[in-house]
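Colleague: Input: one structure, supplied below.
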Amino acid sequence: MLSKSSSWLRAAVQLKAVGFLRTAVRSESTAVLEIKNPYKLHKLEADIPTKFELTKDEAIHYYQQMKTIRTMETASGNLYKEKAVRGFCHLYSGQEACCVGLNAALRSTDAIITAYRAHGWTYIRGVPIAGVLGELTGRKTGCAQGKGGSMHMYGPNFYGGNGIVGAQVPLGAGVALAMKYQDTDNLCVALYGDGAANQGQVFESFNLAALWHLPVIFVCENNGFGMGTSVDRASASTEYYTRGDYIPGIWVDGMDILAVKEAALWATNYVRTGKGPLVMECATYRYHGHSMSDPGTSYRTREQIQEVRLKRDPITGFKDRITGCGLLTAEEIKAIDDKIKKEVDEAVVHAKTDPEPSPEDLYTHVYSQVPPGFQIRGCDPYTYYNTK
C-alpha cells in the first residue's frame with residue numbers, strides 16, 4: 001500500500017518544501033487541505049476551519065473559474081492595446097481568488113456591489129465571457145448593451161461596477177437595508193479597495209450598518225496600492241480588517257482561494273443569523289497597473305511583480321496543490337486551459353464584430369417607468385426621441 005502512494009507522498013513533501021502545501025491527505029477523489037496562512041481576527045472568537053475537504057469537482061470548478069478570469073483579462077488588455085476598448089480599463093489579474101472564493105460562499109439571491117475593477121466579478125456572477133468583452137468594446141450584446149464599459153457592468157443581483165472611489169460602500173449598505181426590510185436571510189457583499197478605505201463614506205456606512213444590524217459584509221480587497229500609492233504611505237493603520245472598530249473583522253490570505261472560501265462561509269453564516277455586519281480584508285495583489293494607462297512600474301519594480309507571480313500566484317498555487325495531492329493530472333489541467341482559451345477567443349471575435357448600439361439606443365433606459373408617449377430631447381430644442 002505504501003509503495004502505491006509513495007510517489008504522491010514525495011510530491012506532497014516537495015510542494016511543502018516550497019510553501020505551496022502544508023497538509024494534503026489523498027482519499028480517492030477528495031483531498032484534505034490546510035490553509036497557507038492563518039486567519040487574523042478582530043473582536044471575534046471564531047472557529048474558522050483551517051483544514052477542509054476538497055472534492056475533484058470543486059477543484060475543477062474553482063480552477064476553471066480563476067483561469068477563465070485570468071484569460072479573459074489578458075484578452076481585455078489586448079483589446080485595449082488594439083484600441084478596440086476606449087476609456088478606462090481596470091484589470092483584475094492577480095486577484096482572482098478573492099472573487100471566486102467569496103462567490104463560492106454566496107447564494108444567487110445574495111447581492112454584490114464592487115468598485116471599478118469589476119470584470120471578474122461580472123463573470124463570476126453569471127455574465128458570460130462575451131457579455132463582459134462585448135461591454136468593454138461597446139457592443140449591443142454587452143451586459144449593459146454597450147453603454148457601461150469597463151466600470152459599469154451589471155448582472156442579476158450584481159450592482160456593478162462603480163466609478164466613484166468608495167461610493168459603492170454606502171450603496172451596498174442600502175442594498176442590505178432593503179434585504180432586511182424584505183425579511184429574508186440574504187446578504188450583501190460590498191467590496192472596496194485599500195485606496196478607498198480612508199473615505200469618510202466608508203466609515204459612515206460602518207456606523208449605520210452596526211446601528212441597524214444590517215446583513216452586509218464589507219470586503220476590502222487590499223492589493224497593496226491605491227493607484228500608485230502604497231498602503232504604507234496612504235494609511236496610518238494598514239490592518240484594514242480592524243478598521244470597523246466596533247464591527248468584528250477577519251483577515252484572510254486573498255491569494256489562497258480555499259482560505260477565502262472558508263472564511264466567507266463562516267462570515268455569511270454569522271451575518272445570516274442576525275449578528276450584524278462584518279469587515280473582511282483579503283490581502284491580494286494586482287499584476288497590472290491601476291488601469292491600462294498606468295504601466296505599474298514607476299512605484300514598484302518588475303522584479304517585485306515577478307516575485308509575486310512566482311511565489312504567491314493564486315492560480316499557479318492552486319494548480320500545484322490540486323495536482324500535487326492527486327485530484328487532477330497535468331493532462332486534465334491542460335484540457336481545461338485549452339477549452340478556456342477557445343471560449344475566450346470566440347468571445348473576442350464577438351466583441352469585435354457584434355453590432356454597436358444605434359443612436360436611438362442612447363435614449364433608452366433613462367427612466368425605469370416611462371409614461372406613454374414620453375419623449376427625450378436630443379442635442380437641440382427641435383429633436384426628440386422616443387424612450388423605453
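By convention in this document, the chains of the C-alpha cells carry letters A, B, ... by their order, each chain's residues are numbered from 1, and ligands are numbered from 1 in the order they are shown.
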Residues within 9 Å of Ala144 of chain A, please, as a PyMOL selection string. Count only C-alpha atoms; anything in the same chain fewer than 6 positions from it doesn't count.
Modeller: chain A and resi 131+135+138+152-155
Colleague: Which of segment 101-203 of chain A counts as helix (DSSP H, G or I) under DSSP, as JSON, numbers by chain please?
Modeller: {"A": [101, 102, 103, 119, 120, 121, 122, 123, 124, 129, 130, 131, 132, 133, 134, 135, 136, 168, 169, 170, 171, 172, 173, 174, 175, 176, 177, 178, 179, 180, 181, 194, 195, 196, 200, 201, 202, 203]}
Colleague: Which of these residues is nearest to Lys36 of chain A, using only C-alpha atoms: A:Gly317, A:Ala210, A:Leu187, A:Ala234?
Modeller: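 Between A:Gly317, A:Ala210, A:Leu187, A:Ala234, the residue approaching Lys36 of chain A most closely is A:Gly317.
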Colleague: If we count only C-alpha atoms, what is near Tyr385 of chain A at a cut-off of 7 Å, once residues fewer than 3 positions away on the same chain are taken out, given as a list in words?
Modeller: Tyr363, Gln375, Ile376, Arg377 and Gly378 of chain A
Colleague: Give me a file of those residues, with C-alpha atoms, as a PDB file, in the first residue's frame.
Modeller:
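Okay, this is what ended up in result27.pdb:
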ATOM      1  CA  TYR A 363     -32.329  57.449 -25.303  1.00  0.00           C
ATOM      2  CA  GLN A 375     -40.001  61.652 -25.392  1.00  0.00           C
ATOM      3  CA  ILE A 376     -36.472  62.806 -24.572  1.00  0.00           C
ATOM      4  CA  ARG A 377     -34.924  65.873 -26.125  1.00  0.00           C
ATOM      5  CA  GLY A 378     -31.868  65.391 -28.322  1.00  0.00           C
TER       6      GLY A 378
END
Colleague: Write out as a PyMOL selection string each polymer residue whose atoms come within 9 Å of Thr364 of chain A, counting only C-alpha atoms; drop sequence neighbours fewer than 5 positions from it.
Modeller: chain A and resi 386-388
Colleague: Could you list, as a VMD selection string, every residue within 7 Å of Phe225 of chain A, counting only C-alpha atoms and ignoring same-chain residues fewer than 6 positions away?
Modeller: chain A and resid 194 to 195 231
Colleague: Give me the residues near segment 307-309 of chain A as a VMD selection string, where near means some atom within 9 Å (using only C-alpha atoms) and where sequence neighbours in that chain fewer than 6 positions away do not count.
Modeller: chain A and resid 94 285 287 316
Colleague: With N, CA and C atoms retained, write the just-selected residues as a tab-separated table (two decimals), in the first residue's frame.
Modeller:
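Written output follows (part-v5.tsv):
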chain	number	residue	atom	x	y	z
A	94	GLY	N	-4.52	38.65	-10.93
A	94	GLY	CA	-3.85	38.51	-9.65
A	94	GLY	C	-4.80	38.40	-8.48
A	285	TYR	N	-3.02	41.01	-4.61
A	285	TYR	CA	-2.04	41.76	-5.39
A	285	TYR	C	-2.53	41.88	-6.82
A	287	TYR	N	-1.39	42.52	-10.76
A	287	TYR	CA	-0.20	42.42	-11.59
A	287	TYR	C	-0.04	43.62	-12.52
A	316	THR	N	-1.58	29.50	-10.10
A	316	THR	CA	-0.48	28.53	-10.11
A	316	THR	C	-0.40	27.78	-8.79
Colleague: Could you pull the residues within 9 Å of Asp337 of chain A, counting only C-alpha atoms, minus those fewer than 4 positions along the same chain, as a PyMOL selection string?
Modeller: chain A and resi 64+67-68+332-333+341-342
Colleague: Go ahead and write the residues just picked, N, CA, C and O atoms, as a PDB file, in the first residue's frame.
Modeller:
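Okay, this is what ended up in again.pdb:
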ATOM      1  N   GLN A  64     -11.183  26.338 -12.963  1.00  0.00           N
ATOM      2  CA  GLN A  64     -11.749  26.804 -14.231  1.00  0.00           C
ATOM      3  C   GLN A  64     -12.215  28.260 -14.121  1.00  0.00           C
ATOM      4  O   GLN A  64     -11.987  29.060 -15.037  1.00  0.00           O
ATOM      5  N   LYS A  67      -9.031  30.568 -13.836  1.00  0.00           N
ATOM      6  CA  LYS A  67      -8.295  30.583 -15.103  1.00  0.00           C
ATOM      7  C   LYS A  67      -9.070  31.331 -16.181  1.00  0.00           C
ATOM      8  O   LYS A  67      -8.477  32.049 -17.008  1.00  0.00           O
ATOM      9  N   THR A  68     -10.390  31.208 -16.170  1.00  0.00           N
ATOM     10  CA  THR A  68     -11.204  31.931 -17.149  1.00  0.00           C
ATOM     11  C   THR A  68     -11.068  33.433 -16.951  1.00  0.00           C
ATOM     12  O   THR A  68     -10.913  34.195 -17.912  1.00  0.00           O
ATOM     13  N   GLU A 332      -5.268  16.781 -17.432  1.00  0.00           N
ATOM     14  CA  GLU A 332      -6.602  17.351 -17.189  1.00  0.00           C
ATOM     15  C   GLU A 332      -6.543  18.871 -17.107  1.00  0.00           C
ATOM     16  O   GLU A 332      -7.435  19.576 -17.613  1.00  0.00           O
ATOM     17  N   ILE A 333      -5.510  19.392 -16.466  1.00  0.00           N
ATOM     18  CA  ILE A 333      -5.331  20.842 -16.383  1.00  0.00           C
ATOM     19  C   ILE A 333      -5.178  21.439 -17.779  1.00  0.00           C
ATOM     20  O   ILE A 333      -5.792  22.463 -18.115  1.00  0.00           O
ATOM     21  N   LYS A 341      -9.273  28.788 -23.378  1.00  0.00           N
ATOM     22  CA  LYS A 341      -8.697  29.636 -24.423  1.00  0.00           C
ATOM     23  C   LYS A 341      -9.612  29.704 -25.639  1.00  0.00           C
ATOM     24  O   LYS A 341      -9.813  30.776 -26.234  1.00  0.00           O
ATOM     25  N   LYS A 342     -10.176  28.572 -26.017  1.00  0.00           N
ATOM     26  CA  LYS A 342     -11.081  28.542 -27.162  1.00  0.00           C
ATOM     27  C   LYS A 342     -12.315  29.402 -26.904  1.00  0.00           C
ATOM     28  O   LYS A 342     -12.754  30.174 -27.774  1.00  0.00           O
TER      29      LYS A 342
END
Colleague: Rank nothing, just name the residue among A:Gly134, A:Pro38, A:Gly161, A:Gly101 nearest to His350 of chain A, using only C-alpha atoms.
Modeller: A:Gly134
Colleague: Please indicate the distance in Å from atom CA of Gly142 of chain A to atom CA of Ala130 of chain A, rounded to one decimal place.
Modeller: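 Calculated distance between atom CA of Gly142 of chain A and atom CA of Ala130 of chain A is 7.1 Å.
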Colleague: Just to confirm, what's the straight-line distance from atom CA of Tyr39 of chain A to atom CA of Glu204 of chain A in Å (one decimal)?
Modeller: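 Between atom CA of Tyr39 of chain A and atom CA of Glu204 of chain A the gap works out to 26.4 Å.
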Colleague: Rank nothing, just name the residue among A:Ala75, A:Leu211, A:Ile217, A:Val279 nearest to Ile340 of chain A, using only C-alpha atoms.
Modeller: A:Ala75
Colleague: Find, counting only C-alpha atoms, the residue in A:Tyr299, A:Tyr63, A:Phe203, A:Trp266 that gets nearest to Glu45 of chain A.
Modeller: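 Result for the nearest residue to Glu45 of chain A: A:Trp266.
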